[in-house]
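Beneath this line is the structure, given in structure tokens, with notes to follow.
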Amino acid sequence: MGPSGTGSHRVIVVGGGFGGLNVTRALDGADVDVTLVDRANHHLFQPLLYQVATGILPPGLIAPALRSVTKKERNARVLLADVQDVDLDRRVVRAGAPDGRQLELPYDTLVVAAGATHSYFGKGQFAEYAPGMKTIEDARYLRDGILAKFEMAEIATDPVERAEWLTFVVVGAGPTGVELAGQIAELAHTVLPQDYRTADTHQARIILLEGAGAVLPPFAPKLQAYTKKRLEEMGIEVRLNTLAVDMDHQSITVKGPDGLETIRAGTRIWAAGVQASPLARVLAEKAGVETDRAGRIPVGPDCTVPGHPEVFAIGDMASLDKLPGVAQPAIQEGKYVGRVIKDRLAGRQTPPFKYFDKGTMATIGYRSAVADAFGVKVTGFLAYVMWVFIHVMYLVGWGNRLGTLYTWVRALWLSHNRGNRIIAFETAQQEVAGGSTPAARPPTILPRTAPPAATDAEEAIPGAPREAGGAG
Ligand SMILES: Cc1cc2nc3c(=O)[nH]c(=O)nc-3n(C[C@H](O)[C@H](O)[C@H](O)COP(=O)(O)OP(=O)(O)OC[C@H]3O[C@@H](n4cnc5c(N)ncnc54)[C@H](O)[C@@H]3O)c2cc1C
């Protein structure tokens, strides 16, 4: 017997992100029992994670509880569990509950929308030194790490050490890397300077690395050029054709047009690659199909797994018509799959999935963004207003929309402050433990515009390399 009490068609939805939540909502009122299983208890609006990581938004505004956002779907229930396996023959999903007990969840229809995770391109050891940002925990961890480095800069008496604490390297200049670098620059150059007495946070060095020849690789050249110019105006060093080849807790080694260079940096952030959820491979192996290079499972034009019309895979973990791993395909596929399930129960045919491209956009920093929608390329303040409108519209819940707007107006327009800067001693201790600067350190690369303190530092380490320019 399911949540609706009808004992009708059982639908298991794995993942309450953009794809899974939209399936669940599309099935509202249908004669089905939906079980939404997620390893988190919230729906996460990933596009605004970087604002949590930089202290603008509190986590709750972008991560409402799944129970709350599905409370009107009376035929749906939510389970907090980690899905580990699927038995396609017995039509059972296996999941682990938080206390370790194993759950077996039988289904008539299965929808897997488990998203994607970081990819370190075969260098998994980088994860220890350069955390990525996919979950709300990741964003909080990054925020604590970033803020703890400013605290250490205030404590440090050696200008070279202080410069290291104030060096932030973001790997990957896709939208997430650009947004993160832009917000760290605003934090350091606009928000924090008046709050610190010893550390001059203006001197923070923010370096954005990109392996390709342009920032925002999938965007139009005009938007790429505008973004690079704006980032540089914000004091960010943009290094193109530059790859991270090695790193540890104190430094990152990059390979660019000028060869190898080791940069001493208190913070390294990974925004370079993604790969499909491991569940894509589990499903693919069971169904006897191959995943693509990004680990995604290929699906048919109706989003079903080959040979299994009762199993759908959607969103970031599925490969269909070369659609990008962004929110719109997941949202539209989720709505579509809900419709297919209802049509099947009513004995109707559903036409194949058709994607409606609504364009792409990214913010760069204070009141500036780029947008490419319906063939029109917009930059600057107008693009920023479009970005604000779209992101607020797609947040889940009116309370969160209003709360986000209020927080933005207060933080970004009125006070130029960040209301979510809480770290405790123990957190800071953990954040800097791995990154503590040993006494014997190799030559340091100093901030681009040498402040009085940095000049001292330069003297302290004869021959310390100066900044190497935009091309690394
Ligand atoms: C930092 C960041 C910024 C982004 N910015 C943008 C943007 O500006 N615009 C845009 O269009 N897209 C953006 N994206 C991409 C967009 O968020 C994704 O394309 C979208 O979330 C994909 O939806 P999905 O439903 O496939 O997966 P997700 O939304 O990731 O949802 C997957 C869900 O599955 C759950 N899950 C995973 N594994 C399991 C398991 N084993 N058991 C149970 N549950 C599981 C997860 O907890 C999660 O809730 C961004 C992504 C990130 C990470």
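Numbering starts fresh at 1 for the residues of each chain in the structure tokens, the chains themselves are lettered A, B, ... in the order given, and ligands are numbered from 1 as they appear.
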request  = Mind listing the alpha helix (DSSP H) residues of segment 182-405 of chain A, per DSSP on the backbone, as a PyMOL selection string?
outcome  = chain A and resi 182-186+221-233+278-287+327-345+381-394+398-405
inquiry  = Within 7 Å of ligand 1 (counting only C-alpha atoms and all ligand atoms), which residues show up? I'd like them as a VMD selection string.
reply    = chain A and resid 14 to 20 37 to 40 42 to 50 81 to 84 113 to 116 133 to 134 175 to 176 277 279 314 to 317 325 to 328 330 361 to 362
With N, CA and C atoms kept, could you save the residues just selected as a compact mmCIF listing (two decimals), in the first residue's frame?
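Output contents, as saved in part16.txt:
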```txt
# COMPACT_ATOMS: atom_id res chain seq x y z
N VAL A 14 14.55 8.40 -7.90
CA VAL A 14 15.83 8.51 -7.18
C VAL A 14 16.40 9.89 -7.46
N GLY A 15 16.49 10.72 -6.42
CA GLY A 15 17.05 12.07 -6.58
C GLY A 15 15.96 13.13 -6.61
N GLY A 16 16.07 14.07 -5.69
CA GLY A 16 15.09 15.17 -5.63
C GLY A 16 15.69 16.48 -6.11
N GLY A 17 16.57 16.41 -7.12
CA GLY A 17 17.11 17.63 -7.72
C GLY A 17 16.15 18.17 -8.76
N PHE A 18 16.67 18.87 -9.75
CA PHE A 18 15.80 19.48 -10.76
C PHE A 18 14.98 18.43 -11.50
N GLY A 19 15.61 17.30 -11.87
CA GLY A 19 14.90 16.27 -12.62
C GLY A 19 13.87 15.58 -11.76
N GLY A 20 14.31 15.00 -10.63
CA GLY A 20 13.43 14.19 -9.80
C GLY A 20 12.27 14.97 -9.22
N VAL A 37 13.33 9.16 -3.29
CA VAL A 37 14.44 8.76 -2.42
C VAL A 37 15.62 9.67 -2.70
N ASP A 38 16.15 10.30 -1.67
CA ASP A 38 17.33 11.15 -1.86
C ASP A 38 18.27 10.97 -0.68
N ARG A 39 19.56 11.07 -0.97
CA ARG A 39 20.55 10.95 0.11
C ARG A 39 20.69 12.26 0.88
N ALA A 40 20.00 13.30 0.40
CA ALA A 40 19.92 14.56 1.16
C ALA A 40 18.44 14.80 1.48
N HIS A 42 17.01 17.64 1.22
CA HIS A 42 16.59 18.91 0.62
C HIS A 42 16.75 18.89 -0.89
N HIS A 43 16.00 19.78 -1.53
CA HIS A 43 16.19 20.04 -2.95
C HIS A 43 17.20 21.18 -3.05
N LEU A 44 18.25 20.97 -3.81
CA LEU A 44 19.32 21.98 -3.84
C LEU A 44 19.30 22.78 -5.14
N PHE A 45 19.29 24.10 -5.00
CA PHE A 45 19.38 24.98 -6.17
C PHE A 45 20.87 25.28 -6.40
N GLN A 46 21.52 24.37 -7.13
CA GLN A 46 22.98 24.45 -7.29
C GLN A 46 23.48 25.76 -7.91
N PRO A 47 22.73 26.38 -8.83
CA PRO A 47 23.27 27.61 -9.43
C PRO A 47 23.62 28.71 -8.42
N LEU A 48 23.05 28.66 -7.22
CA LEU A 48 23.39 29.71 -6.24
C LEU A 48 24.31 29.20 -5.13
N LEU A 49 24.87 28.02 -5.32
CA LEU A 49 25.79 27.49 -4.30
C LEU A 49 26.96 28.43 -4.03
N TYR A 50 27.45 29.07 -5.10
CA TYR A 50 28.62 29.93 -4.91
C TYR A 50 28.31 31.10 -3.98
N ALA A 81 17.57 8.26 2.04
CA ALA A 81 18.34 7.01 1.90
C ALA A 81 19.30 7.13 0.73
N ASP A 82 20.36 6.36 0.80
CA ASP A 82 21.40 6.38 -0.23
C ASP A 82 21.19 5.18 -1.15
N VAL A 83 20.78 5.46 -2.37
CA VAL A 83 20.52 4.35 -3.31
C VAL A 83 21.84 3.78 -3.79
N GLN A 84 21.97 2.46 -3.66
CA GLN A 84 23.25 1.83 -3.99
C GLN A 84 23.17 0.89 -5.18
N ALA A 113 17.39 10.01 -11.27
CA ALA A 113 17.81 11.40 -11.57
C ALA A 113 18.82 11.79 -10.50
N ALA A 114 19.96 11.08 -10.49
CA ALA A 114 20.92 11.23 -9.38
C ALA A 114 22.01 12.26 -9.67
N GLY A 115 21.92 12.97 -10.79
CA GLY A 115 22.82 14.11 -11.02
C GLY A 115 24.25 13.72 -11.35
N ALA A 116 25.16 14.60 -10.95
CA ALA A 116 26.58 14.43 -11.30
C ALA A 116 27.43 14.74 -10.08
N MET A 133 32.53 21.96 -5.52
CA MET A 133 31.29 22.50 -4.95
C MET A 133 30.09 21.90 -5.68
N LYS A 134 29.49 20.90 -5.03
CA LYS A 134 28.32 20.26 -5.62
C LYS A 134 27.16 20.22 -4.64
N PRO A 175 31.14 28.68 -15.85
CA PRO A 175 30.31 29.60 -15.07
C PRO A 175 30.58 29.53 -13.56
N THR A 176 30.75 28.31 -13.02
CA THR A 176 30.96 28.20 -11.57
C THR A 176 32.29 28.84 -11.16
N SER A 277 26.69 10.73 -11.88
CA SER A 277 26.57 9.94 -10.64
C SER A 277 26.98 8.49 -10.91
N LEU A 279 25.59 6.02 -10.08
CA LEU A 279 24.40 5.20 -10.38
C LEU A 279 24.19 5.04 -11.88
N ILE A 314 17.31 10.54 -16.25
CA ILE A 314 17.18 11.92 -16.73
C ILE A 314 18.22 12.83 -16.07
N GLY A 315 18.33 14.02 -16.64
CA GLY A 315 19.19 15.06 -16.05
C GLY A 315 20.66 14.80 -16.33
N ASP A 316 21.49 15.27 -15.40
CA ASP A 316 22.95 15.24 -15.58
C ASP A 316 23.53 13.85 -15.79
N MET A 317 22.84 12.82 -15.31
CA MET A 317 23.43 11.46 -15.41
C MET A 317 23.07 10.76 -16.71
N GLY A 325 24.82 19.53 -19.47
CA GLY A 325 24.49 19.19 -18.08
C GLY A 325 24.11 20.42 -17.29
N VAL A 326 22.99 21.01 -17.65
CA VAL A 326 22.50 22.18 -16.92
C VAL A 326 21.05 21.94 -16.49
N ALA A 327 20.50 22.91 -15.79
CA ALA A 327 19.21 22.67 -15.13
C ALA A 327 18.06 22.44 -16.11
N GLN A 328 18.01 23.19 -17.22
CA GLN A 328 16.84 23.10 -18.10
C GLN A 328 16.57 21.71 -18.67
N ALA A 330 17.27 18.89 -17.31
CA ALA A 330 16.77 18.07 -16.20
C ALA A 330 15.31 18.43 -15.88
N MET A 361 23.43 31.71 -19.15
CA MET A 361 23.91 32.96 -18.56
C MET A 361 24.85 32.68 -17.40
N ALA A 362 25.66 33.69 -17.06
CA ALA A 362 26.56 33.58 -15.90
C ALA A 362 26.79 34.97 -15.34
```
ask   = Closest to Lys377 of chain A among A:Leu223, A:Val392, A:Ala163, A:Leu88, using only C-alpha atoms?
value =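 Of all the options, A:Leu223 lies closest to Lys377 of chain A.
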query = Hey, which of A:Leu105, A:Val396, A:Ala181, A:Ala76 ends up closest to Ala26 of chain A? Count only C-alpha atoms.
reply =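 Answer, going by the shortest atom-to-atom distance: A:Ala76.
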task = Mind checking which residues fall within 10 Å of segment 227-239 of chain A, counting only C-alpha atoms, ignoring those fewer than 6 positions away in the same chain, and posting them as an MDAnalysis selection string?
result = chainID A and resid 168:173 178:179 181:186 189 202:216 221 254 256:257 362:366 368:370 379:380 448:449 467:472
remark   = From the list A:Ala294, A:Ile422, A:Val376, A:Leu323, the nearest residue to Pro58 of chain A using only C-alpha atoms is A:Ile422
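Among A:Leu192, A:Ala225, A:Ala383, A:Ile136, the residue with the shortest atom-to-atom distance to Ala63 of chain A, counting only C-alpha atoms, is A:Ile136.
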message = Residues of segment 27-203 of chain A classed as strand (DSSP E) by DSSP on the backbone are to be reported as an MDAnalysis selection string.
response = chainID A and resid 32:38 76:80 82:87 92:96 102:106 109:112 116:118 167:171
Give me a file of those residues, with N, CA and C atoms, as a compact mmCIF listing (two decimals), in the first residue's frame.
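Resulting contents of part.txt:
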```
# COMPACT_ATOMS: atom_id res chain seq x y z
N VAL A 32 -0.91 7.11 -8.97
CA VAL A 32 0.36 6.42 -8.75
C VAL A 32 0.81 6.72 -7.32
N ASP A 33 1.64 5.84 -6.79
CA ASP A 33 2.27 6.09 -5.48
C ASP A 33 3.73 6.40 -5.74
N VAL A 34 4.12 7.61 -5.42
CA VAL A 34 5.50 8.03 -5.70
C VAL A 34 6.32 7.96 -4.42
N THR A 35 7.50 7.35 -4.53
CA THR A 35 8.47 7.39 -3.42
C THR A 35 9.71 8.11 -3.94
N LEU A 36 9.97 9.27 -3.37
CA LEU A 36 11.13 10.07 -3.78
C LEU A 36 12.26 9.77 -2.79
N VAL A 37 13.33 9.16 -3.29
CA VAL A 37 14.44 8.76 -2.42
C VAL A 37 15.62 9.67 -2.70
N ASP A 38 16.15 10.30 -1.67
CA ASP A 38 17.33 11.15 -1.86
C ASP A 38 18.27 10.97 -0.68
N ALA A 76 2.79 11.42 -2.89
CA ALA A 76 4.25 11.24 -2.83
C ALA A 76 4.73 11.19 -1.39
N ARG A 77 5.73 10.36 -1.15
CA ARG A 77 6.40 10.37 0.15
C ARG A 77 7.91 10.50 -0.11
N VAL A 78 8.62 10.95 0.91
CA VAL A 78 10.05 11.20 0.76
C VAL A 78 10.81 10.26 1.70
N LEU A 79 11.89 9.66 1.20
CA LEU A 79 12.75 8.83 2.05
C LEU A 79 14.17 9.35 2.00
N LEU A 80 14.79 9.49 3.15
CA LEU A 80 16.20 9.87 3.22
C LEU A 80 17.02 8.57 3.19
N ASP A 82 20.36 6.36 0.80
CA ASP A 82 21.40 6.38 -0.23
C ASP A 82 21.19 5.18 -1.15
N VAL A 83 20.78 5.46 -2.37
CA VAL A 83 20.52 4.35 -3.31
C VAL A 83 21.84 3.78 -3.79
N GLN A 84 21.97 2.46 -3.66
CA GLN A 84 23.25 1.83 -3.99
C GLN A 84 23.17 0.89 -5.18
N ASP A 85 21.99 0.33 -5.40
CA ASP A 85 21.90 -0.69 -6.45
C ASP A 85 20.46 -0.77 -6.97
N VAL A 86 20.37 -1.31 -8.19
CA VAL A 86 19.05 -1.53 -8.77
C VAL A 86 19.02 -2.95 -9.33
N ASP A 87 18.00 -3.70 -8.98
CA ASP A 87 17.83 -5.03 -9.58
C ASP A 87 16.76 -4.89 -10.66
N VAL A 92 13.57 -3.88 -8.20
CA VAL A 92 13.75 -3.46 -6.81
C VAL A 92 14.94 -2.49 -6.74
N VAL A 93 14.78 -1.41 -5.97
CA VAL A 93 15.88 -0.48 -5.70
C VAL A 93 16.42 -0.81 -4.32
N ARG A 94 17.76 -0.88 -4.20
CA ARG A 94 18.36 -1.14 -2.89
C ARG A 94 19.00 0.14 -2.38
N ALA A 95 18.66 0.45 -1.13
CA ALA A 95 19.18 1.71 -0.58
C ALA A 95 19.58 1.50 0.87
N GLY A 96 20.53 2.32 1.34
CA GLY A 96 20.94 2.27 2.74
C GLY A 96 20.30 3.41 3.51
N GLN A 102 19.40 -1.88 5.43
CA GLN A 102 19.21 -1.97 3.98
C GLN A 102 17.72 -1.97 3.64
N LEU A 103 17.36 -1.13 2.69
CA LEU A 103 15.97 -1.06 2.27
C LEU A 103 15.82 -1.68 0.89
N GLU A 104 14.73 -2.37 0.65
CA GLU A 104 14.41 -2.88 -0.68
C GLU A 104 13.11 -2.21 -1.09
N LEU A 105 13.17 -1.44 -2.16
CA LEU A 105 12.00 -0.66 -2.58
C LEU A 105 11.51 -1.16 -3.94
N PRO A 106 10.40 -1.89 -3.97
CA PRO A 106 9.91 -2.40 -5.25
C PRO A 106 9.25 -1.30 -6.08
N THR A 109 7.53 1.51 -11.99
CA THR A 109 8.30 2.42 -12.85
C THR A 109 9.40 3.04 -12.00
N LEU A 110 10.59 3.12 -12.59
CA LEU A 110 11.73 3.71 -11.87
C LEU A 110 12.25 4.91 -12.65
N VAL A 111 12.47 6.02 -11.95
CA VAL A 111 13.08 7.19 -12.58
C VAL A 111 14.36 7.49 -11.80
N VAL A 112 15.50 7.45 -12.47
CA VAL A 112 16.76 7.74 -11.78
C VAL A 112 17.25 9.11 -12.24
N ALA A 116 25.16 14.60 -10.95
CA ALA A 116 26.58 14.43 -11.30
C ALA A 116 27.43 14.74 -10.08
N THR A 117 28.70 14.41 -10.20
CA THR A 117 29.64 14.69 -9.12
C THR A 117 30.91 15.29 -9.72
N HIS A 118 31.92 15.58 -8.88
CA HIS A 118 33.15 16.19 -9.40
C HIS A 118 33.92 15.21 -10.26
N THR A 167 46.04 34.20 -1.01
CA THR A 167 46.06 33.79 -2.41
C THR A 167 45.04 32.67 -2.63
N PHE A 168 44.14 32.90 -3.55
CA PHE A 168 43.05 31.96 -3.84
C PHE A 168 43.16 31.55 -5.31
N VAL A 169 43.23 30.26 -5.54
CA VAL A 169 43.31 29.79 -6.93
C VAL A 169 42.05 28.99 -7.26
N VAL A 170 41.34 29.42 -8.28
CA VAL A 170 40.14 28.69 -8.72
C VAL A 170 40.51 27.98 -10.01
N VAL A 171 40.32 26.67 -10.04
CA VAL A 171 40.68 25.89 -11.24
C VAL A 171 39.42 25.66 -12.07
```
ask   = Leaving out Ala373 of chain A and any residue of its chain fewer than 6 positions from it, which residues lie within 10 Å of it when counting only C-alpha atoms, given as a list in words?
value =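 The residues satisfying every condition are Asp357, Lys358, Gly359, Thr360 and Met361 of chain A.
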Residues as selected, C-alpha atoms, written as an mmCIF file, in the first residue's frame, can you do that?
```
data_model
loop_
_atom_site.group_PDB
_atom_site.id
_atom_site.type_symbol
_atom_site.label_atom_id
_atom_site.label_comp_id
_atom_site.auth_asym_id
_atom_site.auth_seq_id
_atom_site.Cartn_x
_atom_site.Cartn_y
_atom_site.Cartn_z
ATOM 1 C CA ASP A 357 16.611 25.852 -25.420
ATOM 2 C CA LYS A 358 16.122 28.876 -23.152
ATOM 3 C CA GLY A 359 19.750 30.002 -23.380
ATOM 4 C CA THR A 360 22.629 30.321 -20.940
ATOM 5 C CA MET A 361 23.909 32.961 -18.563
#
```
From A:Ala284, A:Leu260, A:Val378, A:Met152, residue lying nearest Thr198 of chain A [only C-alpha atoms] =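 Between A:Ala284, A:Leu260, A:Val378, A:Met152, the residue approaching Thr198 of chain A most closely is A:Met152.
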Please report as a tab-separated table every residue of segment 221-336 of chain A lying within 9 Å of segment 141-146 of chain A, along with the nearest atom pair and their distance in Å (one decimal), using only C-alpha atoms.
```
residue	atom	partner	partner_atom	distance
A:Gly266	CA	A:Ile146	CA	8.9
A:Thr267	CA	A:Ile146	CA	7.1
A:Ile269	CA	A:Leu142	CA	8.0
```
